[in-house]
Amino acid sequence: GSVAGSMSDGSKASASGAVEASASSRSHCARMAGKDSPAGIAKKLKVDVQDLLDFNFALKGDVLAKNDIIEVPMRIPDALSMSVGSPEAGKLVNGEKMPAGPGYKLKTPSFSYGTAETITNIVNCIGDVQRTCTGTHDLIIGHLSKKFGGKFPPHKSHRSGRDVDTGFYFKGVAPAGFIRADAANLDVERTMHFITCLVDAKQVEYIFIDHYIQEILYDYLVSKNTPASALASLIQFPRPVEKRLGLIRHEDGHDDHMHIRFLCPATSKSCHD
């Protein structure tokens, strides 16, 4: 068997017995699509087999079967990351580089730095989607911040490690990059599962999504009997774009990706909006 998804060195492998993978709190999580052993998985993901077994105490030396879930250790940051200043005029200290990992693809690894809280929340919710929805494609991850933050043209923000651009989940073939979402191609269930996970963690300040895409999400939420009060606090639609209300808000140019902004981490005392 082999592992499907980005390896720790950024390479890609897929074959019979591949693993569809995701991420969990300070660990990545892989859903097996064929047989493999913990030793085989550890070798392919370049992690210590004992660490792998420590994260999966019930596995012992057993062969993993299709659809089994396995947690893969994720490196703990060496130093405390800090977001300094605002997203539009700040910097990043000891930023964590988002590792290449199962369940997502980094468009530009050299611009994938954020606070540990930013990285952990994104990885957690990618994993939550993968665990719940078998057969989910890798999520495309765009820009976070530069290694030390600061100005990042053409972005007005993305300067302090709190901003992340991600793609949407789509029906059918996995996208190679950001593509425009519409009612025909958007996988609303998986996209809302990802958003809901982020919101429930109570670490998100805003999510910027085009008003047209918001309408698709809104209709889905209404179909699930979401209370009106919850809708009003979560999403700007059906209010006009001029009404800056709701956690999900319109920004031009966000019909092929969403822009997630996290709150200031509790440990970043010099962080502000």
# chains A, B, ... in the order shown; residues from 1 in each chain; ligands from 1
$ residues_around --residues "His155 in chain A" --least-positions-apart "3" --cutoff "10 Å" --atoms "only C-alpha atoms" --output "PDB file with C-alpha atoms, in the first residue's frame"
ATOM      1  CA  GLU A  88      -3.124  45.379   7.550  1.00  0.00           C
ATOM      2  CA  HIS A 143      -1.531  32.446   0.976  1.00  0.00           C
ATOM      3  CA  SER A 145       1.720  35.263   5.521  1.00  0.00           C
ATOM      4  CA  LYS A 151       3.739  43.844   3.447  1.00  0.00           C
ATOM      5  CA  PHE A 152       2.490  41.178   1.072  1.00  0.00           C
ATOM      6  CA  HIS A 158      -2.061  38.838   5.410  1.00  0.00           C
ATOM      7  CA  ARG A 159       0.673  40.643   7.365  1.00  0.00           C
TER       8      ARG A 159
END
$ select_by_dssp --residues "range 38-249 of chain A" --states "strand (DSSP E)" --output "number ranges by chain"
A: 69-73, 82-84, 91-93, 96-97, 104-106, 113-114, 139-141, 163-166, 204-208, 248-249
$ closest_atom_pairs --of "range 103-177 of chain A" --to "range 193-198 of chain A" --cutoff "8 Å" --atoms "only C-alpha atoms" --output "tab-separated table"
residue	atom	partner	partner_atom	distance
A:Asn121	CA	A:Leu198	CA	6.9
A:Ile122	CA	A:Leu198	CA	7.5
A:Cys125	CA	A:Cys197	CA	5.6
A:Ile126	CA	A:Phe194	CA	6.6
A:Asp128	CA	A:Cys197	CA	7.4
A:Val129	CA	A:Phe194	CA	6.1
$ residues_around --residues "range 167-178 of chain A" --least-positions-apart "3" --cutoff "8 Å" --atoms "only C-alpha atoms" --output "JSON, numbers by chain"
{"A": [107, 137, 138, 139, 140, 141, 142, 181, 185, 186, 187, 188, 190, 191, 256, 257, 258]}
$ write_last_selection --atoms "N, CA and C atoms" --output "PDB file, in the first residue's frame"
ATOM      1  N   LYS A 107      -0.592  25.902  -2.199  1.00  0.00           N
ATOM      2  CA  LYS A 107      -0.279  26.499  -3.496  1.00  0.00           C
ATOM      3  C   LYS A 107       1.136  27.080  -3.498  1.00  0.00           C
ATOM      4  N   HIS A 137     -11.989  15.465  -1.436  1.00  0.00           N
ATOM      5  CA  HIS A 137     -10.728  15.838  -2.084  1.00  0.00           C
ATOM      6  C   HIS A 137      -9.891  16.751  -1.185  1.00  0.00           C
ATOM      7  N   ASP A 138      -8.617  16.892  -1.514  1.00  0.00           N
ATOM      8  CA  ASP A 138      -7.735  17.805  -0.791  1.00  0.00           C
ATOM      9  C   ASP A 138      -8.229  19.244  -0.956  1.00  0.00           C
ATOM     10  N   LEU A 139      -8.158  20.006   0.130  1.00  0.00           N
ATOM     11  CA  LEU A 139      -8.529  21.413   0.087  1.00  0.00           C
ATOM     12  C   LEU A 139      -7.323  22.230  -0.375  1.00  0.00           C
ATOM     13  N   ILE A 140      -7.544  23.166  -1.281  1.00  0.00           N
ATOM     14  CA  ILE A 140      -6.467  24.025  -1.751  1.00  0.00           C
ATOM     15  C   ILE A 140      -6.231  25.146  -0.740  1.00  0.00           C
ATOM     16  N   ILE A 141      -4.989  25.297  -0.310  1.00  0.00           N
ATOM     17  CA  ILE A 141      -4.601  26.352   0.622  1.00  0.00           C
ATOM     18  C   ILE A 141      -3.758  27.378  -0.123  1.00  0.00           C
ATOM     19  N   GLY A 142      -4.213  28.625  -0.120  1.00  0.00           N
ATOM     20  CA  GLY A 142      -3.481  29.704  -0.762  1.00  0.00           C
ATOM     21  C   GLY A 142      -2.531  30.388   0.200  1.00  0.00           C
ATOM     22  N   ALA A 181     -16.541  29.175  -7.746  1.00  0.00           N
ATOM     23  CA  ALA A 181     -17.630  28.327  -7.270  1.00  0.00           C
ATOM     24  C   ALA A 181     -18.960  28.841  -7.791  1.00  0.00           C
ATOM     25  N   ASN A 185     -21.272  23.512  -9.161  1.00  0.00           N
ATOM     26  CA  ASN A 185     -20.063  22.758  -8.808  1.00  0.00           C
ATOM     27  C   ASN A 185     -19.718  22.768  -7.323  1.00  0.00           C
ATOM     28  N   LEU A 186     -20.286  23.674  -6.549  1.00  0.00           N
ATOM     29  CA  LEU A 186     -19.918  23.790  -5.138  1.00  0.00           C
ATOM     30  C   LEU A 186     -20.466  22.630  -4.321  1.00  0.00           C
ATOM     31  N   ASP A 187     -19.610  21.980  -3.542  1.00  0.00           N
ATOM     32  CA  ASP A 187     -20.058  20.968  -2.584  1.00  0.00           C
ATOM     33  C   ASP A 187     -20.426  21.720  -1.307  1.00  0.00           C
ATOM     34  N   VAL A 188     -21.692  22.066  -1.216  1.00  0.00           N
ATOM     35  CA  VAL A 188     -22.140  22.942  -0.136  1.00  0.00           C
ATOM     36  C   VAL A 188     -22.021  22.246   1.221  1.00  0.00           C
ATOM     37  N   ARG A 190     -19.898  19.888   2.326  1.00  0.00           N
ATOM     38  CA  ARG A 190     -18.527  19.845   2.830  1.00  0.00           C
ATOM     39  C   ARG A 190     -17.989  21.244   3.137  1.00  0.00           C
ATOM     40  N   THR A 191     -18.318  22.206   2.274  1.00  0.00           N
ATOM     41  CA  THR A 191     -17.864  23.577   2.509  1.00  0.00           C
ATOM     42  C   THR A 191     -18.443  24.130   3.805  1.00  0.00           C
ATOM     43  N   ASP A 256     -13.718  32.524  -5.854  1.00  0.00           N
ATOM     44  CA  ASP A 256     -12.943  31.302  -6.102  1.00  0.00           C
ATOM     45  C   ASP A 256     -12.189  30.840  -4.858  1.00  0.00           C
ATOM     46  N   HIS A 257     -12.314  31.588  -3.774  1.00  0.00           N
ATOM     47  CA  HIS A 257     -11.695  31.192  -2.511  1.00  0.00           C
ATOM     48  C   HIS A 257     -12.338  31.961  -1.370  1.00  0.00           C
ATOM     49  N   MET A 258     -12.122  31.505  -0.163  1.00  0.00           N
ATOM     50  CA  MET A 258     -12.559  32.246   1.016  1.00  0.00           C
ATOM     51  C   MET A 258     -11.328  32.739   1.777  1.00  0.00           C
TER      52      MET A 258
END
